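Undergrad: What follows is the file model-v8.tsv, containing TSV, C-alpha atoms and all ligand atoms:
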```tsv
chain	number	residue	atom	x	y	z
A	20	MET	CA	-39.82	-39.49	-1.99
A	21	SER	CA	-37.13	-36.82	-2.07
A	22	ILE	CA	-33.83	-36.05	-0.42
A	23	LEU	CA	-33.73	-32.53	1.02
A	24	VAL	CA	-30.27	-30.97	0.58
A	25	LEU	CA	-29.83	-27.95	2.81
A	26	GLY	CA	-27.06	-25.73	1.44
A	27	GLY	CA	-27.27	-27.37	-1.99
A	28	ALA	CA	-25.89	-24.28	-3.76
A	29	GLY	CA	-22.60	-24.34	-1.84
A	30	TYR	CA	-19.34	-25.98	-2.83
A	31	ILE	CA	-19.89	-29.35	-1.18
A	32	GLY	CA	-23.71	-29.33	-1.27
A	33	SER	CA	-23.82	-28.71	-5.02
A	34	HIS	CA	-21.58	-31.73	-5.62
A	35	ALA	CA	-23.92	-33.83	-3.47
A	36	VAL	CA	-26.91	-32.73	-5.55
A	37	TYR	CA	-25.17	-33.71	-8.80
A	38	GLN	CA	-24.33	-37.18	-7.47
A	39	LEU	CA	-27.80	-37.73	-6.02
A	40	ILE	CA	-29.45	-36.77	-9.31
A	41	ASN	CA	-27.00	-38.94	-11.26
A	42	GLN	CA	-28.16	-41.81	-9.10
A	43	GLN	CA	-31.82	-41.14	-9.96
A	44	ASN	CA	-32.90	-39.51	-6.67
A	45	ASP	CA	-35.44	-36.69	-6.48
A	46	VAL	CA	-33.68	-33.76	-4.87
A	47	VAL	CA	-35.04	-30.67	-3.15
A	48	VAL	CA	-32.51	-27.90	-2.51
A	49	VAL	CA	-32.83	-25.22	0.15
A	50	ASP	CA	-30.26	-22.42	0.20
A	51	ASN	CA	-30.35	-18.76	1.20
A	52	LEU	CA	-27.66	-17.98	-1.43
A	53	GLN	CA	-25.68	-16.05	1.18
A	54	THR	CA	-22.50	-17.93	0.23
A	55	GLY	CA	-23.92	-20.40	-2.31
A	56	HIS	CA	-24.41	-19.77	-6.03
A	57	ARG	CA	-27.63	-20.19	-7.98
A	58	GLU	CA	-25.55	-21.36	-10.98
A	59	ALA	CA	-24.23	-24.30	-8.91
A	60	ILE	CA	-27.69	-25.80	-8.43
A	61	HIS	CA	-28.41	-28.75	-10.69
A	62	PRO	CA	-31.18	-27.78	-13.14
A	63	GLU	CA	-33.18	-30.91	-12.27
A	64	ALA	CA	-33.32	-30.14	-8.53
A	65	THR	CA	-36.37	-28.41	-7.07
A	66	PHE	CA	-35.02	-25.22	-5.52
A	67	TYR	CA	-36.43	-23.16	-2.65
A	68	LYS	CA	-34.58	-19.98	-1.73
A	69	GLY	CA	-34.82	-19.40	1.99
A	70	ASP	CA	-33.14	-19.55	5.34
A	71	ILE	CA	-32.92	-22.61	7.58
A	72	ARG	CA	-33.58	-20.41	10.63
A	73	ASN	CA	-37.07	-19.63	9.33
A	74	ILE	CA	-39.43	-22.31	10.65
A	75	VAL	CA	-42.36	-20.95	8.63
A	76	PHE	CA	-40.32	-21.34	5.42
A	77	LEU	CA	-39.12	-24.83	6.38
A	78	ARG	CA	-42.69	-25.93	7.22
A	79	TYR	CA	-43.74	-24.72	3.78
A	80	VAL	CA	-41.03	-26.84	2.10
A	81	PHE	CA	-41.71	-29.96	4.20
A	82	LYS	CA	-45.44	-29.62	3.54
A	83	LYS	CA	-45.05	-29.22	-0.23
A	84	GLU	CA	-42.46	-31.95	-0.71
A	85	SER	CA	-42.47	-35.49	0.51
A	86	ILE	CA	-39.10	-35.54	2.27
A	87	ASP	CA	-37.53	-38.92	2.97
A	88	ALA	CA	-34.22	-37.76	4.48
A	89	VAL	CA	-32.13	-34.64	5.01
A	90	ILE	CA	-28.50	-33.93	4.12
A	91	HIS	CA	-27.44	-30.77	5.91
A	92	PHE	CA	-24.58	-28.66	4.50
A	93	ALA	CA	-26.01	-25.21	5.26
A	94	ALA	CA	-23.51	-23.43	7.50
A	95	ASN	CA	-20.93	-20.70	7.81
A	96	SER	CA	-17.58	-22.44	7.59
A	97	LEU	CA	-14.66	-20.02	7.78
A	98	VAL	CA	-12.51	-20.64	10.82
A	99	GLY	CA	-11.01	-17.12	10.89
A	100	GLU	CA	-14.38	-15.41	10.49
A	101	SER	CA	-15.87	-17.62	13.22
A	102	MET	CA	-13.36	-16.21	15.70
A	103	LYS	CA	-14.40	-12.64	14.86
A	104	LYS	CA	-18.18	-13.21	14.65
A	105	PRO	CA	-18.95	-16.06	17.06
A	106	LEU	CA	-22.64	-15.21	17.44
A	107	ALA	CA	-23.20	-15.33	13.67
A	108	TYR	CA	-21.82	-18.89	13.76
A	109	PHE	CA	-23.91	-19.97	16.75
A	110	ASP	CA	-26.96	-18.44	15.09
A	111	ASN	CA	-26.63	-20.03	11.65
A	112	ASN	CA	-24.88	-23.30	12.51
A	113	VAL	CA	-26.41	-24.16	15.91
A	114	TYR	CA	-29.77	-22.39	15.96
A	115	GLY	CA	-30.28	-23.09	12.23
A	116	THR	CA	-29.87	-26.82	12.85
A	117	GLN	CA	-32.20	-26.61	15.84
A	118	VAL	CA	-34.91	-25.26	13.53
A	119	ILE	CA	-34.25	-28.05	11.00
A	120	LEU	CA	-34.58	-30.69	13.73
A	121	GLN	CA	-37.81	-29.02	14.84
A	122	ALA	CA	-39.22	-29.26	11.28
A	123	MET	CA	-38.04	-32.88	10.98
A	124	THR	CA	-39.82	-33.72	14.23
A	125	GLU	CA	-43.05	-32.04	13.12
A	126	PHE	CA	-43.03	-33.83	9.75
A	127	ASN	CA	-41.79	-37.17	11.08
A	128	VAL	CA	-38.58	-37.23	9.00
A	129	LYS	CA	-36.20	-39.58	10.80
A	130	HIS	CA	-32.83	-39.46	8.99
A	131	ILE	CA	-30.21	-36.73	8.76
A	132	VAL	CA	-26.65	-36.75	7.42
A	133	PHE	CA	-24.71	-33.83	8.86
A	134	SER	CA	-21.55	-32.01	7.71
A	135	SER	CA	-19.18	-31.89	10.62
A	136	THR	CA	-15.50	-31.10	10.62
A	137	ALA	CA	-12.06	-32.17	11.74
A	138	ALA	CA	-12.06	-28.84	13.58
A	139	VAL	CA	-14.01	-30.55	16.39
A	140	TYR	CA	-10.74	-32.23	17.42
A	141	GLY	CA	-8.68	-29.04	17.86
A	142	ASN	CA	-5.01	-29.91	18.34
A	143	PRO	CA	-5.18	-33.70	18.42
A	144	ALA	CA	-3.04	-35.59	20.92
A	145	GLN	CA	-2.33	-38.25	18.30
A	146	VAL	CA	-2.34	-38.57	14.50
A	147	PRO	CA	-3.90	-40.24	12.59
A	148	ILE	CA	-7.01	-39.00	14.38
A	149	ALA	CA	-9.65	-41.60	15.17
A	150	GLU	CA	-13.24	-40.89	16.19
A	151	THR	CA	-12.30	-42.01	19.70
A	152	SER	CA	-10.11	-38.90	20.11
A	153	ASP	CA	-11.72	-36.45	22.50
A	154	PRO	CA	-13.22	-33.43	20.73
A	155	ASN	CA	-11.64	-30.19	21.90
A	156	PRO	CA	-12.38	-27.45	19.39
A	157	THR	CA	-9.98	-24.51	19.31
A	158	ASN	CA	-12.22	-22.27	17.21
A	159	THR	CA	-15.87	-21.20	17.20
A	160	TYR	CA	-16.59	-22.94	13.90
A	161	GLY	CA	-15.52	-26.34	15.27
A	162	GLU	CA	-17.39	-25.67	18.52
A	163	THR	CA	-20.66	-24.98	16.69
A	164	LYS	CA	-20.37	-28.24	14.75
A	165	TYR	CA	-19.62	-30.16	17.94
A	166	ILE	CA	-22.63	-28.63	19.70
A	167	VAL	CA	-24.84	-29.73	16.79
A	168	GLU	CA	-23.52	-33.29	17.13
A	169	LYS	CA	-24.62	-33.22	20.78
A	170	MET	CA	-27.98	-31.71	19.84
A	171	MET	CA	-28.59	-34.55	17.39
A	172	TYR	CA	-27.58	-37.08	20.05
A	173	TRP	CA	-30.30	-35.81	22.40
A	174	MET	CA	-32.87	-35.56	19.59
A	175	ASN	CA	-32.16	-39.19	18.79
A	176	GLN	CA	-32.93	-40.07	22.43
A	177	ALA	CA	-36.13	-38.04	22.55
A	178	HIS	CA	-37.55	-38.32	19.03
A	179	ASP	CA	-35.71	-41.25	17.44
A	180	ILE	CA	-34.16	-39.03	14.75
A	181	LYS	CA	-31.17	-41.02	13.49
A	182	TYR	CA	-28.10	-39.12	12.36
A	183	VAL	CA	-24.73	-39.69	10.77
A	184	SER	CA	-22.23	-36.92	11.44
A	185	LEU	CA	-19.35	-36.81	8.97
A	186	ARG	CA	-16.22	-35.05	10.16
A	187	TYR	CA	-14.52	-33.74	7.04
A	188	PHE	CA	-10.80	-33.17	6.74
A	189	ASN	CA	-9.62	-30.92	3.86
A	190	VAL	CA	-12.18	-31.16	1.08
A	191	ALA	CA	-10.83	-30.33	-2.38
A	192	GLY	CA	-11.24	-30.98	-6.11
A	193	ALA	CA	-14.29	-30.53	-8.30
A	194	LEU	CA	-16.69	-32.49	-10.44
A	195	HIS	CA	-14.56	-34.24	-13.07
A	196	SER	CA	-16.59	-32.63	-15.91
A	197	GLY	CA	-15.65	-29.16	-14.60
A	198	GLU	CA	-19.32	-28.05	-14.53
A	199	ILE	CA	-19.22	-27.05	-10.88
A	200	GLY	CA	-16.41	-26.32	-8.46
A	201	GLU	CA	-15.16	-24.28	-5.53
A	202	ASP	CA	-15.95	-20.54	-5.39
A	203	HIS	CA	-15.71	-18.96	-1.93
A	204	ARG	CA	-15.70	-15.19	-1.49
A	205	PRO	CA	-13.31	-14.36	-0.02
A	206	GLU	CA	-11.27	-17.46	-0.86
A	207	THR	CA	-9.08	-18.67	2.02
A	208	HIS	CA	-8.45	-22.31	1.06
A	209	LEU	CA	-5.04	-23.51	-0.04
A	210	ILE	CA	-5.75	-25.27	-3.37
A	211	PRO	CA	-7.95	-22.53	-4.90
A	212	ILE	CA	-5.39	-19.88	-3.90
A	213	ILE	CA	-2.53	-21.92	-5.42
A	214	LEU	CA	-4.51	-22.33	-8.65
A	215	GLN	CA	-5.53	-18.65	-8.76
A	216	THR	CA	-1.80	-17.89	-8.50
A	217	ALA	CA	-1.16	-20.25	-11.42
A	218	LEU	CA	-3.78	-18.27	-13.37
A	219	GLY	CA	-1.95	-14.99	-12.60
A	220	GLN	CA	-4.69	-13.68	-10.27
A	221	HIS	CA	-2.14	-13.34	-7.44
A	222	ASP	CA	1.62	-12.61	-7.83
A	223	HIS	CA	2.49	-15.29	-5.30
A	224	ILE	CA	1.09	-17.53	-2.61
A	225	THR	CA	2.13	-16.92	0.98
A	226	ILE	CA	3.10	-20.02	2.95
A	227	PHE	CA	1.68	-19.48	6.43
A	228	GLY	CA	4.57	-20.78	8.53
A	229	GLU	CA	7.67	-22.76	7.58
A	230	ASP	CA	8.77	-23.49	11.14
A	231	TYR	CA	6.35	-26.30	12.01
A	232	ASP	CA	7.59	-29.61	13.31
A	233	THR	CA	7.15	-31.34	9.94
A	234	PRO	CA	9.79	-32.64	7.47
A	235	ASP	CA	9.75	-29.46	5.30
A	236	GLY	CA	8.50	-27.07	8.01
A	237	SER	CA	5.08	-26.38	6.40
A	238	PRO	CA	1.81	-27.73	7.83
A	239	ILE	CA	0.46	-31.12	6.76
A	240	ARG	CA	-3.20	-31.76	5.89
A	241	ASP	CA	-5.29	-34.67	4.67
A	242	TYR	CA	-6.98	-33.73	1.35
A	243	ILE	CA	-10.10	-35.61	0.29
A	244	HIS	CA	-11.73	-35.35	-3.14
A	245	VAL	CA	-15.21	-33.84	-2.96
A	246	ASP	CA	-16.58	-36.72	-5.12
A	247	ASP	CA	-15.29	-39.32	-2.65
A	248	LEU	CA	-16.63	-37.24	0.24
A	249	ILE	CA	-20.11	-37.16	-1.30
A	250	GLN	CA	-20.02	-40.88	-1.96
A	251	ALA	CA	-19.72	-41.33	1.82
A	252	HIS	CA	-22.90	-39.24	2.30
A	253	LEU	CA	-24.83	-41.51	-0.05
A	254	GLN	CA	-23.53	-44.55	1.81
A	255	ALA	CA	-24.46	-42.91	5.12
A	256	LEU	CA	-28.03	-42.39	3.88
A	257	ASP	CA	-28.20	-46.00	2.79
A	258	TYR	CA	-26.82	-47.07	6.18
A	259	LEU	CA	-29.54	-45.12	8.01
A	260	GLN	CA	-32.26	-46.40	5.68
A	261	HIS	CA	-31.15	-49.95	6.50
A	262	GLY	CA	-31.53	-49.37	10.24
A	263	GLY	CA	-28.00	-48.21	11.09
A	264	ALA	CA	-27.54	-46.55	14.48
A	265	SER	CA	-26.60	-42.90	14.83
A	266	ASP	CA	-22.85	-42.44	14.62
A	267	VAL	CA	-19.90	-40.19	13.81
A	268	PHE	CA	-17.28	-40.85	11.10
A	269	ASN	CA	-14.10	-39.16	9.93
A	270	LEU	CA	-13.72	-38.60	6.20
A	271	GLY	CA	-10.19	-38.17	4.92
A	272	SER	CA	-7.74	-39.99	2.69
A	273	SER	CA	-5.56	-41.04	5.66
A	274	GLU	CA	-2.54	-39.50	3.92
A	275	GLY	CA	-0.95	-36.16	4.66
A	276	PHE	CA	0.66	-33.60	2.33
A	277	SER	CA	2.52	-30.45	3.31
A	278	VAL	CA	1.72	-27.01	1.91
A	279	LYS	CA	5.02	-27.12	-0.01
A	280	GLU	CA	4.22	-30.55	-1.47
A	281	MET	CA	0.85	-29.24	-2.63
A	282	ILE	CA	2.49	-26.29	-4.39
A	283	LYS	CA	5.02	-28.59	-6.04
A	284	SER	CA	2.29	-30.90	-7.28
A	285	ALA	CA	0.26	-27.92	-8.60
A	286	ARG	CA	3.32	-26.69	-10.55
A	287	LYS	CA	3.48	-30.10	-12.22
A	288	VAL	CA	-0.25	-30.15	-13.05
A	289	THR	CA	-0.50	-26.55	-14.29
A	290	GLY	CA	2.97	-26.01	-15.77
A	291	ALA	CA	2.94	-22.56	-14.08
A	292	PRO	CA	5.83	-21.37	-11.88
A	293	ILE	CA	3.58	-20.45	-8.85
A	294	LEU	CA	5.82	-18.11	-6.89
A	295	VAL	CA	5.85	-18.39	-3.10
A	296	GLU	CA	6.63	-16.10	-0.20
A	297	SER	CA	7.18	-17.02	3.38
A	298	GLY	CA	4.71	-15.58	5.88
A	299	PRO	CA	3.96	-15.93	9.58
A	300	ARG	CA	1.86	-18.78	10.95
A	301	ARG	CA	-1.92	-18.32	10.67
A	302	ASP	CA	-3.57	-18.16	14.10
A	303	GLY	CA	-4.95	-21.47	15.30
A	304	ASP	CA	-3.42	-23.63	12.54
A	305	PRO	CA	-2.40	-27.05	13.87
A	306	SER	CA	0.78	-28.53	12.41
A	307	VAL	CA	-0.51	-31.94	11.26
A	308	LEU	CA	-4.07	-33.15	10.67
A	309	ILE	CA	-4.49	-36.64	9.23
A	310	ALA	CA	-7.64	-38.72	9.55
A	311	SER	CA	-8.04	-42.33	10.35
A	312	SER	CA	-11.00	-43.20	8.14
A	313	ASP	CA	-10.99	-46.90	9.02
A	314	LYS	CA	-14.37	-46.66	10.71
A	315	ALA	CA	-16.14	-45.20	7.63
A	316	GLN	CA	-14.47	-47.85	5.50
A	317	LYS	CA	-15.55	-50.67	7.82
A	318	VAL	CA	-19.04	-49.56	8.82
A	319	LEU	CA	-20.22	-47.65	5.73
A	320	GLY	CA	-18.15	-49.63	3.20
A	321	TRP	CA	-16.64	-46.35	1.97
A	322	HIS	CA	-13.58	-46.61	-0.27
A	323	PRO	CA	-12.30	-43.28	-1.59
A	324	SER	CA	-10.91	-43.73	-5.09
A	325	ARG	CA	-9.63	-40.31	-6.15
A	326	ILE	CA	-7.01	-40.05	-3.43
A	327	SER	CA	-3.97	-39.15	-5.53
A	328	ILE	CA	-3.13	-35.54	-4.81
A	329	GLU	CA	-2.44	-35.00	-8.50
A	330	THR	CA	-5.95	-36.20	-9.42
A	331	ILE	CA	-7.46	-33.84	-6.84
A	332	ILE	CA	-5.44	-30.87	-8.12
A	333	LYS	CA	-6.15	-31.80	-11.78
A	334	ASP	CA	-9.91	-31.79	-11.19
A	335	ALA	CA	-9.71	-28.51	-9.28
A	336	TRP	CA	-7.55	-27.05	-12.08
A	337	ASN	CA	-10.08	-28.15	-14.68
A	338	TRP	CA	-12.67	-26.02	-12.89
A	339	HIS	CA	-10.47	-22.97	-12.18
A	340	ARG	CA	-8.93	-22.91	-15.66
A	341	THR	CA	-12.35	-22.94	-17.33
A	342	HIS	CA	-14.00	-20.64	-14.73
A	343	PRO	CA	-11.31	-18.12	-13.77
A	344	ASP	CA	-14.02	-15.92	-12.19
A	345	GLY	CA	-15.80	-18.87	-10.57
A	346	TYR	CA	-19.53	-18.46	-11.07
A	347	GLY	CA	-18.93	-14.92	-12.33
A	348	ARG	CA	-18.87	-11.52	-10.75
A	349	GLU	CA	-21.94	-10.91	-8.60
A	401	LIG	N1	-2.30	-22.06	3.67
A	401	LIG	C1	-1.20	-21.31	3.27
A	401	LIG	N2	-1.42	-20.24	2.47
A	401	LIG	C2	-2.66	-19.86	2.03
A	401	LIG	C3	-3.79	-20.65	2.44
A	401	LIG	C4	-3.56	-21.74	3.26
A	401	LIG	O1	-0.05	-21.59	3.63
A	401	LIG	O2	-2.78	-18.86	1.32
A	401	LIG	C5	-2.08	-23.24	4.53
A	401	LIG	C6	-2.78	-23.13	5.87
A	401	LIG	O3	-1.98	-22.44	6.78
A	401	LIG	C7	-2.97	-24.60	6.22
A	401	LIG	C8	-3.12	-25.29	4.86
A	401	LIG	O4	-2.64	-24.36	3.89
A	401	LIG	O5	-1.82	-25.10	6.84
A	401	LIG	C9	-4.55	-25.63	4.53
A	401	LIG	O6	-5.34	-24.46	4.73
A	401	LIG	P1	-6.88	-24.35	4.30
A	401	LIG	O7	-7.33	-22.98	4.67
A	401	LIG	O8	-7.03	-24.78	2.89
A	401	LIG	O9	-7.60	-25.43	5.20
A	401	LIG	P2	-7.62	-25.62	6.80
A	401	LIG	O10	-6.81	-26.85	7.09
A	401	LIG	O11	-7.22	-24.40	7.51
A	401	LIG	O12	-9.16	-25.78	7.07
A	401	LIG	C10	-9.88	-26.91	6.65
A	401	LIG	C11	-11.30	-26.51	6.27
A	401	LIG	C12	-12.02	-25.99	7.47
A	401	LIG	C13	-11.97	-27.00	8.58
A	401	LIG	C14	-10.56	-27.39	8.86
A	401	LIG	C15	-10.51	-28.51	9.82
A	401	LIG	O13	-11.27	-25.55	5.26
A	401	LIG	O14	-13.38	-25.74	7.14
A	401	LIG	O15	-9.91	-27.84	7.67
A	401	LIG	O16	-9.33	-28.50	10.48
A	401	LIG	F1	-12.50	-26.49	9.70
```
Would you mind writing the file out in structure tokens?
TA:
Amino acid sequence: MSILVLGGAGYIGSHAVYQLINQQNDVVVVDNLQTGHREAIHPEATFYKGDIRNIVFLRYVFKKESIDAVIHFAANSLVGESMKKPLAYFDNNVYGTQVILQAMTEFNVKHIVFSSTAAVYGNPAQVPIAETSDPNPTNTYGETKYIVEKMMYWMNQAHDIKYVSLRYFNVAGALHSGEIGEDHRPETHLIPIILQTALGQHDHITIFGEDYDTPDGSPIRDYIHVDDLIQAHLQALDYLQHGGASDVFNLGSSEGFSVKEMIKSARKVTGAPILVESGPRRDGDPSVLIASSDKAQKVLGWHPSRISIETIIKDAWNWHRTHPDGYGRE
């Protein structure tokens, strides 16, 4: 029996594959390598290069492998890009998942763990944000993830496919060994850009807005270590395999840090000056996003352990310092 990891060459998916293999699971990876990296795929995983929107390809994989459950990371995930190319996001994220659910139905695979996002909440009425907050996405990316949650809900009714949807807050860090890490092109995320600045790849980092209603004026986010995040996926699989009902969980550390606090902490970790400039707000950025992860802790028994911001930045730094060009120029 194998776990099928869709998007297993991406930042978060590749970390899932490493943890699954460490825990003695057989892993099959599917990735179209559009944003993922071949070098990020664990050498012991069975890899199929192909696109989730291709039912013929998916049938081939499901037929060849004996798939027990699916963990689905394959998606486009840049908020800014999603606002410029909405149809590309509906196509890959919504239609792509529709095809996966079709293949699961045909091959009688009943469990799926799905990567969702805090972006489903939009500008929350209250922080910390609990799963009972009404979703109200303010960007196409969040909308596509919310639509998939609804699609899975109806597939559960019709075909008894059980799902766990995990709404990630700000995922960061890297495998402690530094073997794999974050490499987006273009990079838009805060921690990689701070660390690239520490490496001298940028003169400075621009703080997108210092006039928010927060103690130091810069936006506050809830950063969760990728290792802790993946641990929740393994617990979600276990939960489904033990008869757990379909459900939705937030994954965050329940603590918020401002952009300026993150830069300060990165200066301490790297010893680099990391120059900053003040810039305008980035469109659509909410001021504060902090998760309540009580439900995941209670129901899944999830207890994130690498929650210190310094630990997260240290692990990310370990990757960036040793791989200044990420997986290399392509
Ligand atoms: N930021 C800067 N300068 C930069 C980059 C980022 O000031 O050069 C700020 C942003 O304005 C934001 C914070 O750093 O306030 C974090 O930004 P990221 O781009 O790292 O992350 P986001 O909070 O925008 O997005 C993350 C995920 C998305 C997900 C979203 C959910 O990356 O996939 O959380 O709200 F949709």
Undergrad: May I ask for the distance between atom CA of Val132 of chain A and atom CA of Glu201 of chain A, given in Å to one decimal place?
TA: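 It comes out at 21.3 Å.
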Undergrad: Show me which residues sit within 9 Å of ligand LIG 401 (chain A) when counting only C-alpha atoms and all ligand atoms, and put them as a CSV table (one decimal) with C-alpha atoms, keeping the file's coordinate frame.
TA:
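Output saved as selection-v4.csv:
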```
chain,number,residue,atom,x,y,z
A,96,SER,CA,-17.6,-22.4,7.6
A,97,LEU,CA,-14.7,-20.0,7.8
A,98,VAL,CA,-12.5,-20.6,10.8
A,99,GLY,CA,-11.0,-17.1,10.9
A,135,SER,CA,-19.2,-31.9,10.6
A,136,THR,CA,-15.5,-31.1,10.6
A,137,ALA,CA,-12.1,-32.2,11.7
A,138,ALA,CA,-12.1,-28.8,13.6
A,139,VAL,CA,-14.0,-30.6,16.4
A,140,TYR,CA,-10.7,-32.2,17.4
A,141,GLY,CA,-8.7,-29.0,17.9
A,158,ASN,CA,-12.2,-22.3,17.2
A,160,TYR,CA,-16.6,-22.9,13.9
A,161,GLY,CA,-15.5,-26.3,15.3
A,186,ARG,CA,-16.2,-35.0,10.2
A,187,TYR,CA,-14.5,-33.7,7.0
A,188,PHE,CA,-10.8,-33.2,6.7
A,189,ASN,CA,-9.6,-30.9,3.9
A,190,VAL,CA,-12.2,-31.2,1.1
A,191,ALA,CA,-10.8,-30.3,-2.4
A,206,GLU,CA,-11.3,-17.5,-0.9
A,207,THR,CA,-9.1,-18.7,2.0
A,208,HIS,CA,-8.4,-22.3,1.1
A,209,LEU,CA,-5.0,-23.5,0.0
A,210,ILE,CA,-5.8,-25.3,-3.4
A,211,PRO,CA,-8.0,-22.5,-4.9
A,212,ILE,CA,-5.4,-19.9,-3.9
A,213,ILE,CA,-2.5,-21.9,-5.4
A,224,ILE,CA,1.1,-17.5,-2.6
A,225,THR,CA,2.1,-16.9,1.0
A,226,ILE,CA,3.1,-20.0,3.0
A,227,PHE,CA,1.7,-19.5,6.4
A,228,GLY,CA,4.6,-20.8,8.5
A,229,GLU,CA,7.7,-22.8,7.6
A,237,SER,CA,5.1,-26.4,6.4
A,238,PRO,CA,1.8,-27.7,7.8
A,239,ILE,CA,0.5,-31.1,6.8
A,240,ARG,CA,-3.2,-31.8,5.9
A,241,ASP,CA,-5.3,-34.7,4.7
A,242,TYR,CA,-7.0,-33.7,1.4
A,277,SER,CA,2.5,-30.4,3.3
A,278,VAL,CA,1.7,-27.0,1.9
A,279,LYS,CA,5.0,-27.1,0.0
A,281,MET,CA,0.8,-29.2,-2.6
A,297,SER,CA,7.2,-17.0,3.4
A,298,GLY,CA,4.7,-15.6,5.9
A,300,ARG,CA,1.9,-18.8,11.0
A,301,ARG,CA,-1.9,-18.3,10.7
A,302,ASP,CA,-3.6,-18.2,14.1
A,303,GLY,CA,-5.0,-21.5,15.3
A,304,ASP,CA,-3.4,-23.6,12.5
A,305,PRO,CA,-2.4,-27.0,13.9
A,306,SER,CA,0.8,-28.5,12.4
A,307,VAL,CA,-0.5,-31.9,11.3
A,308,LEU,CA,-4.1,-33.2,10.7
```
Undergrad: What does the distance from atom CA of Leu77 of chain A to atom CA of Val245 of chain A come to in Å, to one decimal?
TA: 27.2 Å
Undergrad: Do a neighbour search on His223 of chain A at 8 Å with all atoms listed in the file, toss out local chain neighbours closer than 6 positions, and write the hits as a list in words.
TA: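 My list of contacting residues is Thr216, Ile293, Leu294, Val295 and Glu296 of chain A.
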Undergrad: To one decimal place in Å, what is the distance between atom CA of Ala28 of chain A and atom CA of Met102 of chain A?
TA: 24.5 Å
Undergrad: Of the candidates A:Ala285, A:Asn269, A:Glu274, A:Val36, which shows the shortest atom-to-atom distance to Lys317 of chain A, using only C-alpha atoms?
TA: A:Asn269
Undergrad: Counting all atoms listed in the file, figure out which residue out of A:Ile166, A:Ile180, A:Ile71, A:Ala193 gets nearest to Phe109 of chain A.
TA: A:Ile166
Undergrad: Counting only C-alpha atoms, figure out which residue out of A:Gly197, A:Gly347, A:Pro299, A:Gly271 gets nearest to His322 of chain A.
TA: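 Using only C-alpha atoms, His322 of chain A sits closest to A:Gly271.
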Undergrad: Choose the residue, out of A:Pro143, A:Pro156, A:Gly200, A:Pro323, that has the smallest atom-to-atom separation from Glu58 of chain A; count all atoms listed in the file.
TA: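 With all atoms listed in the file as the atom set, the closest residue is A:Gly200.
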Undergrad: Would you mind listing what lies within 9 Å of Leu218 of chain A as a list in words, with only C-alpha atoms counted and same-chain residues fewer than 4 positions away left out?
TA: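 Final neighbour list, sorted by chain and number: Ile213, Leu214, Thr289, Ala291, Ile293, His339, Arg340 and Pro343 of chain A.
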Undergrad: Go through A:Val167, A:Ile249, A:Glu162, A:Arg286 and flag the residue nearest Ser101 of chain A, using only C-alpha atoms for the distances.
TA: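 Nearest to Ser101 of chain A: A:Glu162.
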Undergrad: Using only C-alpha atoms, which of A:Val183, A:Val75, A:Leu194, A:Met171 sits nearest Ile31 of chain A?
TA: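 Checking each candidate against Ile31 of chain A, we get A:Leu194 as the closest.
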Undergrad: Would you give the centre and edge lengths, in Å to one decimal, of a box along x, y and z around the listed atoms of segment 197-201 of chain A, with 6 Å added to each side, as JSON?
TA:
```
{"center_x": -17.2, "center_y": -26.7, "center_z": -10.1, "size_x": 16.2, "size_y": 16.9, "size_z": 21.1}
```
Undergrad: Counting all atoms listed in the file, what is within 7 Å of Ala88 of chain A, bar same-chain residues fewer than 5 positions away, as an MDAnalysis selection string?
TA: chainID A and resid 22:23 128:131
